[in-house]
Each structure stands twice: as structure tokens, then as C-alpha cells.
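Enquirer: Below is the file entry-v9.csv, which contains CSV, C-alpha atoms and all ligand atoms.
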chain,number,residue,atom,x,y,z
A,18,MET,CA,63.5,102.0,70.9
A,19,GLN,CA,64.6,99.8,73.8
A,20,SER,CA,68.0,98.2,73.4
A,21,ALA,CA,68.5,94.6,74.2
A,22,PRO,CA,70.0,93.9,77.7
A,23,LYS,CA,73.8,93.4,77.6
A,24,THR,CA,75.0,89.9,78.1
A,25,THR,CA,78.5,89.5,79.4
A,26,THR,CA,80.8,86.5,79.9
A,27,THR,CA,82.3,87.9,83.0
A,28,PRO,CA,83.6,85.1,85.2
A,29,ALA,CA,81.7,84.5,88.5
A,30,PHE,CA,83.4,85.5,91.7
A,31,ASP,CA,82.6,84.0,95.1
A,32,ASP,CA,81.9,86.0,98.3
A,33,THR,CA,85.6,86.4,98.9
A,34,GLY,CA,86.3,87.9,95.5
A,35,LYS,CA,87.9,84.8,94.1
A,36,LEU,CA,87.0,83.3,90.8
A,37,SER,CA,84.4,80.7,91.4
A,38,LEU,CA,85.8,77.3,90.5
A,39,ASP,CA,82.6,75.4,91.3
A,40,HIS,CA,82.3,74.2,87.7
A,41,ILE,CA,85.6,72.2,87.9
A,42,ASN,CA,85.6,71.1,91.5
A,43,ASN,CA,83.0,68.3,91.1
A,44,ARG,CA,83.4,66.6,87.8
A,45,ALA,CA,83.5,62.8,87.3
A,46,ASP,CA,87.2,62.9,86.8
A,47,PRO,CA,90.1,65.4,87.3
A,48,ARG,CA,90.8,66.4,83.7
A,49,GLU,CA,89.0,69.8,83.8
A,50,TYR,CA,90.4,70.6,87.3
A,51,PHE,CA,94.0,70.2,86.2
A,52,SER,CA,93.4,71.8,82.9
A,53,VAL,CA,92.0,75.0,84.4
A,54,LEU,CA,94.3,75.2,87.4
A,55,SER,CA,97.5,74.5,85.5
A,56,LYS,CA,96.7,77.6,83.3
A,57,LEU,CA,96.5,79.6,86.5
A,58,ASP,CA,99.9,78.2,87.7
A,59,TYR,CA,98.2,76.6,90.7
A,60,ARG,CA,101.1,75.3,92.8
A,61,VAL,CA,100.5,75.5,96.5
A,62,PRO,CA,100.2,71.7,97.0
A,63,GLU,CA,103.7,71.3,95.4
A,64,LEU,CA,105.1,74.0,97.7
A,65,ALA,CA,103.4,72.5,100.7
A,66,LYS,CA,104.6,69.0,100.1
A,67,PRO,CA,108.1,69.3,101.8
A,68,PHE,CA,106.5,71.0,104.8
A,69,PHE,CA,103.8,68.4,105.2
A,70,ARG,CA,106.4,65.6,104.8
A,71,ARG,CA,108.6,67.1,107.5
A,72,LEU,CA,105.7,67.5,109.9
A,73,ILE,CA,104.7,63.9,109.3
A,74,GLU,CA,108.3,62.8,110.0
A,75,VAL,CA,108.4,64.7,113.3
A,76,LYS,CA,105.0,63.4,114.3
A,77,ARG,CA,106.1,59.9,113.6
A,78,ASP,CA,109.1,60.4,115.8
A,79,GLU,CA,106.9,61.7,118.5
A,80,LYS,CA,104.5,58.7,118.3
A,81,GLY,CA,107.3,56.3,118.0
A,82,GLU,CA,105.6,54.5,115.1
A,83,SER,CA,105.3,55.2,111.4
A,84,ALA,CA,101.6,54.4,110.8
A,85,THR,CA,100.2,57.8,110.3
A,86,LYS,CA,96.6,58.9,109.5
A,87,VAL,CA,96.1,62.3,107.7
A,88,VAL,CA,92.8,64.0,107.1
A,89,ASP,CA,93.0,66.3,104.1
A,90,VAL,CA,90.3,68.9,104.3
A,91,GLY,CA,89.1,70.1,100.8
A,92,CYS,CA,91.0,67.2,99.3
A,93,SER,CA,89.4,67.6,95.8
A,94,TYR,CA,90.6,64.7,93.6
A,95,GLY,CA,93.1,63.7,96.3
A,96,VAL,CA,95.8,66.2,95.3
A,97,ASN,CA,97.8,66.2,98.5
A,98,ALA,CA,97.4,62.5,98.9
A,99,ALA,CA,98.9,61.9,95.4
A,100,LEU,CA,101.8,64.1,96.3
A,101,LEU,CA,102.4,62.8,99.9
A,102,LYS,CA,101.4,59.1,99.7
A,103,HIS,CA,102.3,58.4,96.0
A,104,ASP,CA,105.2,60.8,95.7
A,105,MET,CA,103.8,62.5,92.6
A,106,SER,CA,104.4,66.1,91.7
A,107,MET,CA,101.9,68.7,90.4
A,108,ASP,CA,103.7,68.4,87.1
A,109,ASP,CA,103.1,64.6,87.1
A,110,LEU,CA,99.4,65.2,87.8
A,111,ILE,CA,99.1,67.8,85.0
A,112,GLN,CA,100.9,65.4,82.7
A,113,LEU,CA,98.5,62.6,83.6
A,114,TYR,CA,95.2,64.5,83.4
A,115,CYS,CA,96.0,67.0,80.7
A,116,ASN,CA,98.7,65.9,78.2
A,117,ASP,CA,98.3,62.1,78.7
A,118,ALA,CA,94.6,62.0,79.6
A,119,PRO,CA,92.8,59.3,77.6
A,120,ASP,CA,89.5,60.5,76.1
A,121,SER,CA,87.7,57.6,77.7
A,122,ARG,CA,87.0,57.9,81.4
A,123,ASP,CA,87.0,54.1,81.7
A,124,VAL,CA,90.4,53.8,80.2
A,125,MET,CA,91.6,56.5,82.6
A,126,LEU,CA,90.1,54.7,85.6
A,127,ARG,CA,91.9,51.5,84.6
A,128,ARG,CA,95.2,53.3,84.1
A,129,ASP,CA,94.9,55.2,87.5
A,130,ARG,CA,93.8,52.1,89.4
A,131,ALA,CA,97.0,50.4,88.3
A,132,LEU,CA,99.2,53.5,88.8
A,133,PHE,CA,98.0,54.1,92.4
A,134,SER,CA,97.8,50.5,93.5
A,135,GLU,CA,101.2,50.8,95.2
A,136,ALA,CA,102.0,53.7,97.5
A,137,ALA,CA,105.4,55.3,97.9
A,138,ASP,CA,104.6,55.7,101.6
A,139,ASP,CA,102.7,52.6,102.7
A,140,ASP,CA,102.4,53.7,106.3
A,141,LEU,CA,100.6,56.9,105.4
A,142,SER,CA,96.9,56.6,105.2
A,143,VAL,CA,95.1,59.7,103.8
A,144,VAL,CA,91.4,60.3,104.3
A,145,GLY,CA,90.0,63.1,102.1
A,146,LEU,CA,87.1,65.3,103.0
A,147,ASP,CA,85.4,67.6,100.5
A,148,ILE,CA,82.0,68.9,99.6
A,149,ALA,CA,82.6,67.7,96.1
A,150,GLN,CA,81.2,64.1,96.1
A,151,LYS,CA,82.4,63.1,92.6
A,152,ALA,CA,85.9,64.3,93.2
A,153,VAL,CA,86.2,62.4,96.4
A,154,ALA,CA,84.7,59.3,94.8
A,155,TYR,CA,87.2,59.4,91.9
A,156,ALA,CA,90.2,59.6,94.3
A,157,VAL,CA,88.9,56.7,96.4
A,158,ASP,CA,88.0,54.6,93.4
A,159,VAL,CA,91.5,54.8,91.9
A,160,GLY,CA,93.3,54.4,95.3
A,161,ILE,CA,94.8,57.9,95.6
A,162,LEU,CA,92.9,58.2,98.9
A,163,ASP,CA,92.5,55.5,101.4
A,164,ALA,CA,89.0,56.7,102.3
A,165,GLY,CA,86.8,59.7,101.5
A,166,VAL,CA,84.1,61.7,103.2
A,167,ALA,CA,81.9,63.9,101.0
A,168,THR,CA,80.2,66.4,103.3
A,169,ASP,CA,79.9,70.1,104.1
A,170,LEU,CA,80.7,70.5,107.8
A,171,GLU,CA,79.9,74.2,107.5
A,172,ARG,CA,76.3,73.2,107.4
A,173,ASN,CA,76.1,69.6,108.6
A,174,GLU,CA,77.3,67.6,111.6
A,175,LEU,CA,79.6,64.6,111.1
A,176,SER,CA,77.4,61.5,110.5
A,177,GLN,CA,78.3,58.4,112.4
A,178,SER,CA,79.9,56.7,109.4
A,179,ASP,CA,81.9,59.9,108.5
A,180,ARG,CA,83.0,60.2,112.0
A,181,ALA,CA,84.3,56.7,111.9
A,182,ALA,CA,86.3,57.5,108.7
A,183,VAL,CA,88.0,60.5,110.2
A,184,ASP,CA,88.5,59.1,113.7
A,185,GLU,CA,91.8,59.4,115.5
A,186,PRO,CA,93.8,61.3,112.8
A,187,ASP,CA,97.4,62.1,113.5
A,188,MET,CA,97.3,65.2,111.3
A,189,ILE,CA,94.8,67.4,109.7
A,190,ILE,CA,96.0,69.3,106.6
A,191,SER,CA,94.7,71.6,103.9
A,192,THR,CA,95.8,73.6,100.9
A,193,GLY,CA,93.5,76.1,99.2
A,194,CYS,CA,90.6,75.3,101.4
A,195,VAL,CA,90.5,77.5,104.5
A,196,GLY,CA,88.2,80.4,103.5
A,197,TYR,CA,85.7,77.9,102.1
A,198,VAL,CA,86.0,76.1,105.4
A,199,THR,CA,86.1,77.8,108.8
A,200,ARG,CA,86.6,76.8,112.4
A,201,THR,CA,83.1,75.3,112.1
A,202,SER,CA,84.4,72.5,109.8
A,203,LEU,CA,87.7,72.1,111.5
A,204,GLU,CA,86.5,71.8,115.1
A,205,PRO,CA,84.8,68.4,114.8
A,206,LEU,CA,87.8,67.0,113.0
A,207,VAL,CA,90.1,68.2,115.8
A,208,GLU,CA,87.7,66.7,118.3
A,209,ALA,CA,88.0,63.4,116.5
A,210,GLY,CA,91.8,63.5,116.9
A,211,GLN,CA,92.3,65.3,120.2
A,212,ASP,CA,92.9,62.1,122.2
A,213,ASN,CA,95.4,61.2,119.6
A,214,GLY,CA,97.3,64.5,120.0
A,215,VAL,CA,96.4,65.4,116.4
A,216,TRP,CA,98.3,68.2,114.7
A,217,MET,CA,96.9,70.6,112.2
A,218,ALA,CA,98.7,72.3,109.3
A,219,ASN,CA,96.9,74.6,106.9
A,220,PHE,CA,98.2,76.7,104.0
A,221,VAL,CA,95.9,79.8,104.1
A,222,LEU,CA,95.7,82.8,101.9
A,223,ARG,CA,96.9,86.0,103.6
A,224,MET,CA,93.6,87.7,102.8
A,225,PHE,CA,91.8,85.3,105.2
A,226,ASP,CA,91.7,86.0,108.9
A,227,TYR,CA,92.9,82.8,110.7
A,228,ASP,CA,92.3,84.2,114.3
A,229,PRO,CA,89.0,82.4,114.7
A,230,VAL,CA,90.7,79.0,114.0
A,231,GLU,CA,93.6,79.9,116.3
A,232,GLU,CA,91.1,80.9,119.1
A,233,MET,CA,89.2,77.6,118.7
A,234,MET,CA,92.4,75.6,118.8
A,235,GLY,CA,93.6,77.6,121.9
A,236,SER,CA,90.4,76.8,123.7
A,237,ARG,CA,91.3,73.1,123.2
A,238,GLY,CA,94.8,73.5,124.6
A,239,TYR,CA,96.6,74.0,121.3
A,240,VAL,CA,99.3,76.4,120.4
A,241,THR,CA,99.1,77.8,116.8
A,242,GLU,CA,102.1,79.2,115.1
A,243,LYS,CA,102.5,80.8,111.7
A,244,LEU,CA,105.8,80.1,109.9
A,245,GLU,CA,107.1,83.7,109.9
A,246,GLY,CA,108.4,85.2,106.8
A,247,ALA,CA,107.4,82.3,104.5
A,248,TYR,CA,105.0,83.2,101.7
A,249,PHE,CA,103.8,80.5,99.3
A,250,PRO,CA,102.5,81.5,95.9
A,251,GLN,CA,99.2,79.7,95.5
A,252,ARG,CA,98.2,80.7,91.9
A,253,ARG,CA,98.1,83.7,89.6
A,254,PHE,CA,95.1,86.1,89.7
A,255,VAL,CA,92.8,85.4,86.8
A,256,SER,CA,91.9,89.0,86.1
A,257,SER,CA,92.4,92.6,87.1
A,258,ASN,CA,89.1,92.2,88.9
A,259,GLU,CA,90.4,89.4,91.1
A,260,HIS,CA,93.6,91.4,91.7
A,261,GLU,CA,91.5,94.4,92.9
A,262,ASN,CA,89.5,92.2,95.2
A,263,VAL,CA,92.6,90.8,96.8
A,264,MET,CA,94.1,94.3,97.3
A,265,GLU,CA,90.8,95.3,98.9
A,266,ASN,CA,90.7,92.2,101.2
A,267,LEU,CA,94.3,92.8,102.3
A,268,HIS,CA,93.6,96.5,102.9
A,269,ARG,CA,90.6,95.5,105.0
A,270,ARG,CA,92.8,93.2,107.1
A,271,GLY,CA,95.3,96.1,107.5
A,272,LEU,CA,98.0,94.2,105.5
A,273,GLU,CA,100.4,95.8,103.1
A,274,PRO,CA,100.5,93.8,99.8
A,275,LYS,CA,103.7,91.9,99.2
A,276,PRO,CA,105.6,92.5,95.9
A,277,ALA,CA,104.3,89.1,94.6
A,278,GLU,CA,100.7,90.1,95.4
A,279,ARG,CA,101.2,93.4,93.6
A,280,GLU,CA,102.6,91.4,90.6
A,281,GLY,CA,99.6,89.1,90.5
A,282,TRP,CA,99.9,86.1,92.8
A,283,TYR,CA,97.8,84.9,95.7
A,284,LEU,CA,100.1,84.3,98.6
A,285,ALA,CA,99.5,81.7,101.3
A,286,GLU,CA,101.0,81.2,104.8
A,287,LEU,CA,101.5,78.1,106.8
A,288,HIS,CA,99.7,77.8,110.2
A,289,VAL,CA,100.5,74.8,112.4
A,290,SER,CA,98.7,73.9,115.6
A,291,ARG,CA,100.2,71.4,118.1
A,292,PRO,CA,99.1,70.4,121.6
A,293,ALA,CA,100.8,72.9,124.1
A,294,ALA,CA,102.7,70.0,125.7
A,295,VAL,CA,104.6,69.3,122.5
A,296,ALA,CA,104.9,72.8,121.1
A,297,ALA,CA,108.0,73.7,123.1
A,298,GLN,CA,110.2,73.3,120.0
A,299,PRO,CA,109.4,76.4,117.9
A,300,LEU,CA,108.0,75.8,114.4
A,301,GLU,CA,110.9,77.4,112.7
A,302,ALA,CA,113.3,74.9,114.4
A,303,ILE,CA,111.3,72.0,112.8
A,304,PHE,CA,112.0,73.3,109.4
A,305,SER,CA,115.5,74.7,109.8
A,306,PRO,CA,118.1,72.5,108.0
B,1,LIG,C1,91.0,75.4,95.5
B,1,LIG,S1,90.4,73.8,95.8
B,1,LIG,C2,91.8,73.1,96.6
B,1,LIG,C3,91.8,71.6,96.4
B,1,LIG,C4,93.1,70.9,96.8
B,1,LIG,N1,93.3,71.0,98.3
B,1,LIG,C5,94.3,71.5,96.1
B,1,LIG,O1,95.0,72.2,96.8
B,1,LIG,O2,94.4,71.2,94.9
B,1,LIG,C6,89.2,74.1,97.1
B,1,LIG,C7,88.5,72.8,97.5
B,1,LIG,O3,87.7,73.1,98.7
B,1,LIG,C8,86.5,72.4,98.5
B,1,LIG,N2,85.4,73.0,99.4
B,1,LIG,C9,84.7,74.1,99.2
B,1,LIG,N3,83.9,74.3,100.2
B,1,LIG,C10,84.0,73.2,101.1
B,1,LIG,C11,83.4,72.8,102.3
B,1,LIG,N4,82.5,73.5,102.9
B,1,LIG,N5,83.9,71.7,102.9
B,1,LIG,C12,84.8,70.9,102.3
B,1,LIG,N6,85.4,71.2,101.1
B,1,LIG,C13,85.0,72.4,100.5
B,1,LIG,C14,86.2,72.5,97.0
B,1,LIG,O4,85.2,71.5,96.6
B,1,LIG,C15,87.5,72.3,96.5
B,1,LIG,O5,87.8,70.9,96.2
Starting from the coordinates I provided, produce the structure as C-alpha cells.
Expert:
Amino acid sequence: MQSAPKTTTTPAFDDTGKLSLDHINNRADPREYFSVLSKLDYRVPELAKPFFRRLIEVKRDEKGESATKVVDVGCSYGVNAALLKHDMSMDDLIQLYCNDAPDSRDVMLRRDRALFSEAADDDLSVVGLDIAQKAVAYAVDVGILDAGVATDLERNELSQSDRAAVDEPDMIISTGCVGYVTRTSLEPLVEAGQDNGVWMANFVLRMFDYDPVEEMMGSRGYVTEKLEGAYFPQRRFVSSNEHENVMENLHRRGLEPKPAEREGWYLAELHVSRPAAVAAQPLEAIFSP
């Protein structure tokens, strides 16, 4: 007698061995996103915040004006914008979208439109770019983001209207996104800001090879530095399966796992690119007290 095929509820993993979060990335509102990621202790935007803030401060000094335009790649529901422009914390967002989330999306929209109507940093304009159209739309609708671009630059070119939205940025940033995006997505954004002397700051998991981005930036006259010795816990591994995949990816890159990685955390590093002419001050000096 033939036995019935086994059905499993094993979570899906993407090509990089990470749990696929596609099912939460593009909902009509951020409730599910924060509910799932808070259980995984997702924290890299919070850890990135003081570094982004410091880079914005230094860029403002360099420009001699405080109006600053940031493009956040893989912005999701405007997470980095909520932290940088509205001075929220990840805990605030988890409170808003998990513990204090109204059942009705309309009620939540009204609450959030009021909440984000005034920014903590008025001179900071954040344009979010993400493949997740609904996530971007929510963040623009409630005013977390100043503008949004929903596109996949891995596969498509920047349309004329999208190009206008990301034109002349002062800084390109990302958390949790490089890996999904490569130099292919980043290059047109850099091109849109090159005349502006745009800087780029990405928090990138150690298991991803950043060399292709560094090479692309080098070919455009940029110096890329990694903040040496700084490791930022991104989130916990969801399973032993994910843990094994990370160990394998690190091994493939010739990297020895750090204690936190052995204990179950994804670790990210900060890579910053600046035009060679302004990169004389080493990155460490920018962040040293
Ligand atoms: C782990 S989430 C990080 C979101 C946010 N930056 C944060 O730290 O909370 C990764 C994001 O990358 C986006 N993404 C995946 N592929 C992309 C692509 N090709 N272009 C732009 N965004 C992409 C996903 O939709 C998702 O919002």
C-alpha cells in the first residue's frame, strides 16, 4: 500500500538561506511585519540610528546647510525614516503596531497620519524605495516617508518619475536590504546623487560579499570603508536550519564565525562610501567621541 506523501510546515528559505519574509513584507499595513520581526528580536535599525544620525550631521556640516535628502533602500514601512525623521525607536514602533494596534486599518491610518504629521527633524527628507508597493504606500500615506518609489532595480531601470523622486540625494542608506539588492540597484541611485557628492551607508550581513559594491563605487571615484571591529546584531536565527545556513555562508566566505553568530545572531557591519575628495578623515574618526 502506498503511504500518503508527507506534508511539512517547514518555513521557506530564500536563496541566501534566510527565512523568507515575503509574506509580511508587503501587507496593507505594518502590523504583521512588526509582530513577526519583534519575535525575532530584529534590531538593526535601532542600532544603526546613531550612526546614520552622525553621518547626516557630518554631511550637513560639509554642505553648509541642514536640508538633507536621504534615500532609504529597502525602506519597508518606512522603518529608518520613522527612527531618523520622527525620532521613534523600534520599541515605539512595536508598541504602535503590536500592542496598541487598532483592529481597524482605517482607525490606524487616522492615528498614524496625526502622529507623523510633525517631524522631529523637519530638514530631513526621506524617500523610501522598496519592491513592496503596499509597504511603501502605507509609509507615504501616513507621512512617515516624504516620498516613495516601489520598484525592483535588480530587474528594471529607474522610470522617469522614479528618477525624479530619488534625484540629488545627499545620502543613500539601508538596513537589512543588501543581499536582496546588489550593485545593480545601488548604481543608478548613486548616479542620481553623484553631482551632489552623495554618501552611501549600508548595514550589511557579514555573510554577504560587499566587494562588488565597493568596486562599483571605486569606479565612480568613491572610497568605501568598513567600520572595523563593529558588529551589529540584526536579528536572531529562526531555526537551527537558518543557523547552519549562516555558518555555511560564512565558511564559504572564509570567515570565522563570531561568538554572537555561534550563539544565534545574524551580525551586520557598516560600510560607508564617500567621494575620495572628502574621505580624508577616516570613518573611525567620525564616530569617535
Ligand atoms: C529585512 S527587510 C528590511 C526592511 C527595513 N530596512 C528594516 O530594516 O526594517 C528587507 C526589505 O528589502 C526589500 N526588498 C527585497 N528585495 C528588494 C529589491 N529588489 N529592491 C528593493 N527592496 C527589496 C523587502 O521588500 C523588505 O522590505
Enquirer: What are the closest atom pairs, with distances in Å to one decimal, for all residues of chain A lying within 7 Å of ligand LIG 1 (chain B)? Consider all atoms listed in the file, order rows by chain and residue number, and present the result as a tab-separated table.
Expert:
residue	atom	partner	partner_atom	distance
A:Asn42	CA	B:LIG1	O4	5.1
A:Asn43	CA	B:LIG1	O4	6.7
A:Val61	CA	B:LIG1	O1	6.4
A:Pro62	CA	B:LIG1	O1	5.2
A:Val90	CA	B:LIG1	C12	6.2
A:Gly91	CA	B:LIG1	N6	3.9
A:Cys92	CA	B:LIG1	N1	4.6
A:Ser93	CA	B:LIG1	O5	3.7
A:Val96	CA	B:LIG1	O2	5.2
A:Asn97	CA	B:LIG1	N1	6.6
A:Leu146	CA	B:LIG1	C12	6.1
A:Asp147	CA	B:LIG1	N6	3.6
A:Ile148	CA	B:LIG1	N6	4.4
A:Ala149	CA	B:LIG1	O4	4.6
A:Thr168	CA	B:LIG1	N5	6.5
A:Asp169	CA	B:LIG1	N4	4.4
A:Leu170	CA	B:LIG1	N5	6.0
A:Glu171	CA	B:LIG1	N4	5.3
A:Ser191	CA	B:LIG1	N1	5.8
A:Thr192	CA	B:LIG1	O1	4.4
A:Gly193	CA	B:LIG1	C2	4.3
A:Cys194	CA	B:LIG1	O3	4.5
A:Tyr197	CA	B:LIG1	N3	4.5
A:Val198	CA	B:LIG1	N4	5.0
A:Ser202	CA	B:LIG1	N5	7.0
Enquirer: Rank A:Gly281, A:Pro292, A:Pro276, A:Gly214 by their smallest atom-to-atom distance to A:Tyr239, using only C-alpha atoms, and report the top residue only.
Expert: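 Distance minimum relative to A:Tyr239 lands on A:Pro292.
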Enquirer: I'd like the interatomic distance between atom CA of A:Phe69 and atom CA of A:Asp158, to a tenth of an Å.
Expert: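 The value is 24.1 Å.
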Enquirer: Go through A:Leu64, A:Leu72, A:Leu287, A:Met234 and flag the residue nearest A:Arg252, using all atoms listed in the file for the distances.
Expert: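 Among the listed residues, the smallest separation from A:Arg252 belongs to A:Leu64.
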Enquirer: Between A:Met125, A:Ile41, A:Val88, A:Val159, which one has atoms that come closest to A:Arg180, using only C-alpha atoms?
Expert: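 Looking only at the distances to A:Arg180, the closest residue turns out to be A:Val88.
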Enquirer: At a cut-off of 12 Å, using only C-alpha atoms, what residues contact A:Arg269? Leave out same-chain residues fewer than 5 positions from it and give the result as number ranges by chain.
Expert: A: 223-226, 262-264, 274
Enquirer: Could you dump the residues just selected with C-alpha atoms as a PDB file, in the frame of the given file?
Expert:
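again.pdb, freshly written:
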ATOM      1  CA  ARG A 223      96.900  86.000 103.600  1.00  0.00           C
ATOM      2  CA  MET A 224      93.600  87.700 102.800  1.00  0.00           C
ATOM      3  CA  PHE A 225      91.800  85.300 105.200  1.00  0.00           C
ATOM      4  CA  ASP A 226      91.700  86.000 108.900  1.00  0.00           C
ATOM      5  CA  ASN A 262      89.500  92.200  95.200  1.00  0.00           C
ATOM      6  CA  VAL A 263      92.600  90.800  96.800  1.00  0.00           C
ATOM      7  CA  MET A 264      94.100  94.300  97.300  1.00  0.00           C
ATOM      8  CA  PRO A 274     100.500  93.800  99.800  1.00  0.00           C
TER       9      PRO A 274
END
Enquirer: Give me, please, the distance in Å between atom CA of A:Arg48 and atom CA of A:Ala118, quoted to one decimal.
Expert: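 Those two atoms sit 7.1 Å apart.
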Enquirer: Work out how far atom CA of A:Pro67 is from atom CA of A:Tyr94, in Å to one decimal.
Expert: 19.9 Å
Enquirer: I need the residue nearest A:Ile190 from this list: A:Arg127, A:His40, A:Arg237, A:His288. Use only C-alpha atoms for the distance.
Expert: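 Between A:Arg127, A:His40, A:Arg237, A:His288, the residue approaching A:Ile190 most closely is A:His288.
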Enquirer: Point out the residue among A:Gln251, A:Glu208, A:Phe220, A:Leu101 with the least atom-to-atom distance to A:Ser236, counting all atoms listed in the file.
Expert: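 The answer is A:Glu208, which sits nearest to A:Ser236.
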Enquirer: Using all atoms listed in the file and a cutoff of 10 Å, can you tell me which residues are near (100.9, 73.3, 125.7) in the file's coordinates, and write them out as a list of chain:residue names?
Expert: A:Gly235, A:Arg237, A:Gly238, A:Tyr239, A:Val240, A:Arg291, A:Pro292, A:Ala293, A:Ala294, A:Val295, A:Ala296, A:Ala297
Enquirer: Do a neighbour search on A:Glu261 at 12 Å with all atoms listed in the file, toss out local chain neighbours closer than 5 positions, and write the hits as a PyMOL selection string.
Expert: chain A and resi 33-35+254-256+266-268+274+278-283
Enquirer: Could you please give me, as a list in words, the residues of protein, DNA or RNA lying at most 9 Å from (101.2, 57.9, 100.1) in the coordinate frame of the file, considering all atoms listed in the file?
Expert: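 Those within range, by chain then number, are Ala98, Ala99, Leu100, Leu101, Lys102, His103, Asp104, Glu135, Ala136, Ala137, Asp138, Asp139, Asp140, Leu141, Ser142, Val143, Ile161 and Leu162 of chain A.
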Enquirer: Restrict the selected residues to C-alpha atoms and save them as a PDB file, in the coordinates of the input.
Expert:
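That gives us out09.pdb:
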ATOM      1  CA  ALA A  98      97.400  62.500  98.900  1.00  0.00           C
ATOM      2  CA  ALA A  99      98.900  61.900  95.400  1.00  0.00           C
ATOM      3  CA  LEU A 100     101.800  64.100  96.300  1.00  0.00           C
ATOM      4  CA  LEU A 101     102.400  62.800  99.900  1.00  0.00           C
ATOM      5  CA  LYS A 102     101.400  59.100  99.700  1.00  0.00           C
ATOM      6  CA  HIS A 103     102.300  58.400  96.000  1.00  0.00           C
ATOM      7  CA  ASP A 104     105.200  60.800  95.700  1.00  0.00           C
ATOM      8  CA  GLU A 135     101.200  50.800  95.200  1.00  0.00           C
ATOM      9  CA  ALA A 136     102.000  53.700  97.500  1.00  0.00           C
ATOM     10  CA  ALA A 137     105.400  55.300  97.900  1.00  0.00           C
ATOM     11  CA  ASP A 138     104.600  55.700 101.600  1.00  0.00           C
ATOM     12  CA  ASP A 139     102.700  52.600 102.700  1.00  0.00           C
ATOM     13  CA  ASP A 140     102.400  53.700 106.300  1.00  0.00           C
ATOM     14  CA  LEU A 141     100.600  56.900 105.400  1.00  0.00           C
ATOM     15  CA  SER A 142      96.900  56.600 105.200  1.00  0.00           C
ATOM     16  CA  VAL A 143      95.100  59.700 103.800  1.00  0.00           C
ATOM     17  CA  ILE A 161      94.800  57.900  95.600  1.00  0.00           C
ATOM     18  CA  LEU A 162      92.900  58.200  98.900  1.00  0.00           C
TER      19      LEU A 162
END
